[in-house]
Amino acid sequence: MLNYLIIVILLIFSALFSGLTLGLMSLSAPELKRKMSLGDKDAKKVYAVRKRGNLLLTTLLIGNVAINSALAIFLGSIAPGLIAGLIATALIVVFGEIMPQAVFSRFALLLGAKIAWLVRIFIIILYPISWPIAWALNKALGEEMTTIYSKQELMKIVEEHKATKASDVDVDEERIVKGALTFSDKVVKDVMTPRSVVKAFESSQKIDKTFLNTLSKSDHSRIPIYKDNLDNIIGILYLTKLVGERTIGKSIGRFADKKVLFVDENKKLNIVFNAFLNSHKHMFIVNNEFGDVVGIITLENILEEIIKLEIMDEFDKHKDLRELAKKKRSKRKKAT
């Protein structure tokens with residue numbers, strides 16, 4: 001009876017060492033630190049033993065080999081050699097490897113947290129043997145490498161999370177995260193409002209009731225003001241400037257903000273986004289390499305690229321001005 005009890009105890013320890021090796025080593029230290037920062041108590045318990053990866057790995061492997069060797073030797077003392085070998089192999093493979101690894105691979109963090117105290121004891125007992133090996137591994141291989149994901153991989157991770165029933169990531173959050181990860185890959189000319197559909201006025205334009213009525217029906221709150229031609233933008237007219245002012249008979253150039261900011265059409269969107277935030281402006285004039293005005297870009301254009309939706313308000317008459325510009329260009333080609 002005692003012999004069977006010893007076999008069971010050895011199998012339990014074999015299963016523990018095998019399952020812990022797979023389970024704990026599958027949890028990266030950076031992942032555990034991230035969970036700790038979010039208040040995960042289980043991660044904190046596991047990180048205490050996982051942070052020294054090579055020492056933990058060496059301890060668990062030495063313990064596993066020692067237990068399996070003891071099991072084979074013990075069975076050999078109570079059964080013929082070949083039979084003992086077959087029995088030991090079957091018991092170790094099924095109960096000492098397959099079953100515990102299948103369980104720990106699914107519940108690594110939960111089980112690891114519950115028996116982290118036992119792992120500490122294993123480390124202390126085997127420290128004289130495992131520490132020199134772990135030290136040599138640290139010198140030869142260095143610290144553990146942090147997993148770095150590409151933008152494409154991060155987007156796939158978000159997609160997979162969203163598709164999982166247990167995830168709290170919804171379709172809007174998925175869309176916005178993907179937009180935030182990709183908007184910096186685009187440049188101004190990819191999202192700007194093209195010159196052909198830019199609404200602008202000559203600075204000498206006189207203000208009358210008809211003109212004010214036209215502006216009130218406009219779907220723009222900021223309008224570029226130019227002198228002589230559109231390549232000479234001299235200001236931005238904010239329609240709110242005309243409210244409450246005695247403007248009748250005066251030129252709109254008098255009410256335009258003379259601080260005009262220009263941006264190159266090939267500038268990255270993330271750089272332009274930061275420029276918007278730093279300048280406290282909402283519209284930039286877009287130039288090409290020759291200095292010609294090719295369009296305008298607003299903070300709204302970039303936000304739309306991030307959230308992957310067109311921002312429409314009660315004044316907007318067209319959902320996508322870029323599509324409107326394409327239609328106008330197509331009509332001109334047909335006319336010629």
# chains A, B, ... in the order shown; residues from 1 in each chain; ligands from 1
call {"tool": "residues_around", "arguments": {"residues": "A:Lys51", "least_positions_apart": "2", "cutoff": "9 Å", "atoms": "only C-alpha atoms", "output": "PDB file with N, CA and C atoms, in the first residue's frame"}}
result
ATOM      1  N   SER A  28       4.588  35.954 -19.843  1.00  0.00           N
ATOM      2  CA  SER A  28       5.777  36.798 -19.925  1.00  0.00           C
ATOM      3  C   SER A  28       5.786  37.796 -18.770  1.00  0.00           C
ATOM      4  N   ALA A  29       6.995  38.161 -18.345  1.00  0.00           N
ATOM      5  CA  ALA A  29       7.129  39.125 -17.253  1.00  0.00           C
ATOM      6  C   ALA A  29       6.505  40.481 -17.592  1.00  0.00           C
ATOM      7  N   PRO A  30       6.709  41.020 -18.816  1.00  0.00           N
ATOM      8  CA  PRO A  30       6.053  42.302 -19.156  1.00  0.00           C
ATOM      9  C   PRO A  30       4.532  42.208 -19.112  1.00  0.00           C
ATOM     10  N   LEU A  32       2.768  40.253 -17.163  1.00  0.00           N
ATOM     11  CA  LEU A  32       2.373  40.220 -15.758  1.00  0.00           C
ATOM     12  C   LEU A  32       2.481  41.608 -15.121  1.00  0.00           C
ATOM     13  N   VAL A  46       2.198  35.807  -9.162  1.00  0.00           N
ATOM     14  CA  VAL A  46       2.971  35.038 -10.133  1.00  0.00           C
ATOM     15  C   VAL A  46       4.250  35.769 -10.519  1.00  0.00           C
ATOM     16  N   TYR A  47       4.169  37.082 -10.660  1.00  0.00           N
ATOM     17  CA  TYR A  47       5.347  37.863 -11.072  1.00  0.00           C
ATOM     18  C   TYR A  47       6.494  37.710 -10.079  1.00  0.00           C
ATOM     19  N   ALA A  48       6.159  37.539  -8.819  1.00  0.00           N
ATOM     20  CA  ALA A  48       7.192  37.405  -7.791  1.00  0.00           C
ATOM     21  C   ALA A  48       8.126  36.226  -8.066  1.00  0.00           C
ATOM     22  N   VAL A  49       7.604  35.153  -8.673  1.00  0.00           N
ATOM     23  CA  VAL A  49       8.450  33.990  -8.986  1.00  0.00           C
ATOM     24  C   VAL A  49       8.851  33.948 -10.465  1.00  0.00           C
ATOM     25  N   GLY A  53      13.292  34.632 -14.835  1.00  0.00           N
ATOM     26  CA  GLY A  53      12.858  33.566 -15.729  1.00  0.00           C
ATOM     27  C   GLY A  53      13.769  32.362 -15.799  1.00  0.00           C
ATOM     28  N   ASN A  54      15.068  32.584 -15.949  1.00  0.00           N
ATOM     29  CA  ASN A  54      15.996  31.461 -16.087  1.00  0.00           C
ATOM     30  C   ASN A  54      16.118  30.664 -14.795  1.00  0.00           C
ATOM     31  N   LEU A  56      13.698  30.311 -12.546  1.00  0.00           N
ATOM     32  CA  LEU A  56      12.450  29.552 -12.448  1.00  0.00           C
ATOM     33  C   LEU A  56      12.474  28.356 -13.390  1.00  0.00           C
TER      34      LEU A  56
END
call {"tool": "residues_around", "arguments": {"residues": "stretch 137-139 of chain A", "least_positions_apart": "2", "cutoff": "12 Å", "atoms": "only C-alpha atoms", "output": "PyMOL selection string"}}
result
chain A and resi 52-58+130-135+141-145
call {"tool": "write_last_selection", "arguments": {"atoms": "C-alpha atoms", "output": "PDB file, in the first residue's frame"}}
result
ATOM      1  CA  ARG A  52      13.704  35.683 -12.720  1.00  0.00           C
ATOM      2  CA  GLY A  53      12.858  33.566 -15.729  1.00  0.00           C
ATOM      3  CA  ASN A  54      15.996  31.461 -16.087  1.00  0.00           C
ATOM      4  CA  LEU A  55      16.100  30.633 -12.378  1.00  0.00           C
ATOM      5  CA  LEU A  56      12.450  29.552 -12.448  1.00  0.00           C
ATOM      6  CA  LEU A  57      12.918  27.506 -15.624  1.00  0.00           C
ATOM      7  CA  THR A  58      16.032  25.778 -14.273  1.00  0.00           C
ATOM      8  CA  SER A 130      19.714  25.845 -10.183  1.00  0.00           C
ATOM      9  CA  TRP A 131      21.350  29.223  -9.461  1.00  0.00           C
ATOM     10  CA  PRO A 132      24.733  28.499 -11.155  1.00  0.00           C
ATOM     11  CA  ILE A 133      22.942  27.202 -14.273  1.00  0.00           C
ATOM     12  CA  ALA A 134      20.578  30.194 -14.319  1.00  0.00           C
ATOM     13  CA  TRP A 135      23.528  32.569 -13.867  1.00  0.00           C
ATOM     14  CA  LEU A 141      21.575  34.708 -23.420  1.00  0.00           C
ATOM     15  CA  GLY A 142      20.940  37.978 -21.599  1.00  0.00           C
ATOM     16  CA  GLU A 143      17.605  39.169 -20.295  1.00  0.00           C
ATOM     17  CA  GLU A 144      14.334  37.886 -21.692  1.00  0.00           C
ATOM     18  CA  MET A 145      13.206  39.629 -24.859  1.00  0.00           C
TER      19      MET A 145
END
call {"tool": "atom_distance", "arguments": {"atom1": "atom CA of A:Ser14", "atom2": "atom CA of A:Ala43"}}
result
24.1 Å
call {"tool": "residues_around", "arguments": {"residues": "stretch 239-242 of chain A", "least_positions_apart": "2", "cutoff": "12 Å", "atoms": "only C-alpha atoms", "output": "ChimeraX atom specification"}}
result
/A:207-209,211-225,236-237,244-248,250-257
call {"tool": "select_by_dssp", "arguments": {"residues": "stretch 151-280 of chain A", "states": "strand (DSSP E or B)", "output": "list in words"}}
result
Val187, Thr193, Pro194, Phe201, Glu202, Lys206, Arg222, Ile223, Pro224, Ile225, Tyr226, Lys227, Asn229, Leu230, Asp231, Asn232, Ile233, Ile234, Gly235, Ile236, Leu237, Tyr238, Ser251, Asp257, Phe262, Val263, Asp264 and Lys268 of chain A
call {"tool": "residues_around", "arguments": {"residues": "A:Lys189", "least_positions_apart": "6", "cutoff": "12 Å", "atoms": "only C-alpha atoms", "output": "ChimeraX atom specification"}}
result
/A:195,263-269,272,285-288,293-298,301-302,322
call {"tool": "atom_distance", "arguments": {"atom1": "atom CA of A:Tyr238", "atom2": "atom CA of A:Lys281"}}
result
11.5 Å
call {"tool": "select_by_dssp", "arguments": {"residues": "stretch 133-272 of chain A", "states": "alpha helix (DSSP H)", "output": "PyMOL selection string"}}
result
chain A and resi 133-141+151-163+171-182+188-191+209-216+269-272
call {"tool": "atom_distance", "arguments": {"atom1": "atom CA of A:Ile7", "atom2": "atom CA of A:Gly76"}}
result
11.7 Å
call {"tool": "closest_residue", "arguments": {"among": "A:Tyr4, A:Phe290, A:Phe183, A:Phe17", "to": "A:Asp231", "atoms": "only C-alpha atoms"}}
result
A:Phe290
call {"tool": "closest_residue", "arguments": {"among": "A:Leu303, A:Ile73, A:Val169, A:Ile83", "to": "A:Asn270", "atoms": "only C-alpha atoms"}}
result
A:Leu303
call {"tool": "residues_around", "arguments": {"residues": "A:Phe104", "least_positions_apart": "3", "cutoff": "12 Å", "atoms": "only C-alpha atoms", "output": "compact mmCIF listing (two decimals) with C-alpha atoms, in the first residue's frame"}}
result
# COMPACT_ATOMS: atom_id res chain seq x y z
CA ALA A 15 2.52 16.80 -12.82
CA LEU A 16 3.18 19.97 -10.80
CA PHE A 17 6.65 20.51 -12.22
CA SER A 18 5.53 19.77 -15.77
CA GLY A 19 2.40 21.93 -15.61
CA LEU A 20 4.19 24.81 -13.89
CA THR A 21 6.97 24.77 -16.48
CA LEU A 22 4.54 25.19 -19.35
CA GLY A 23 2.08 27.45 -17.53
CA LEU A 24 4.42 29.92 -15.81
CA MET A 25 6.88 30.19 -18.68
CA SER A 26 3.98 30.99 -21.04
CA LEU A 27 3.28 34.11 -18.95
CA GLU A 97 2.90 15.56 -18.81
CA ILE A 98 -0.22 15.58 -20.99
CA MET A 99 -2.93 16.16 -18.38
CA PRO A 100 -1.16 18.81 -16.25
CA GLN A 101 0.10 20.71 -19.28
CA PHE A 107 -5.49 28.35 -16.42
CA ALA A 108 -1.85 29.37 -16.05
CA LEU A 109 -2.41 32.63 -14.20
CA LEU A 110 -5.10 31.32 -11.84
CA LEU A 111 -3.28 28.10 -10.90
CA GLY A 112 0.10 29.81 -10.81
CA ALA A 113 -1.18 32.36 -8.31
CA LYS A 114 -2.64 29.66 -6.06
CA ILE A 115 0.59 27.65 -5.81
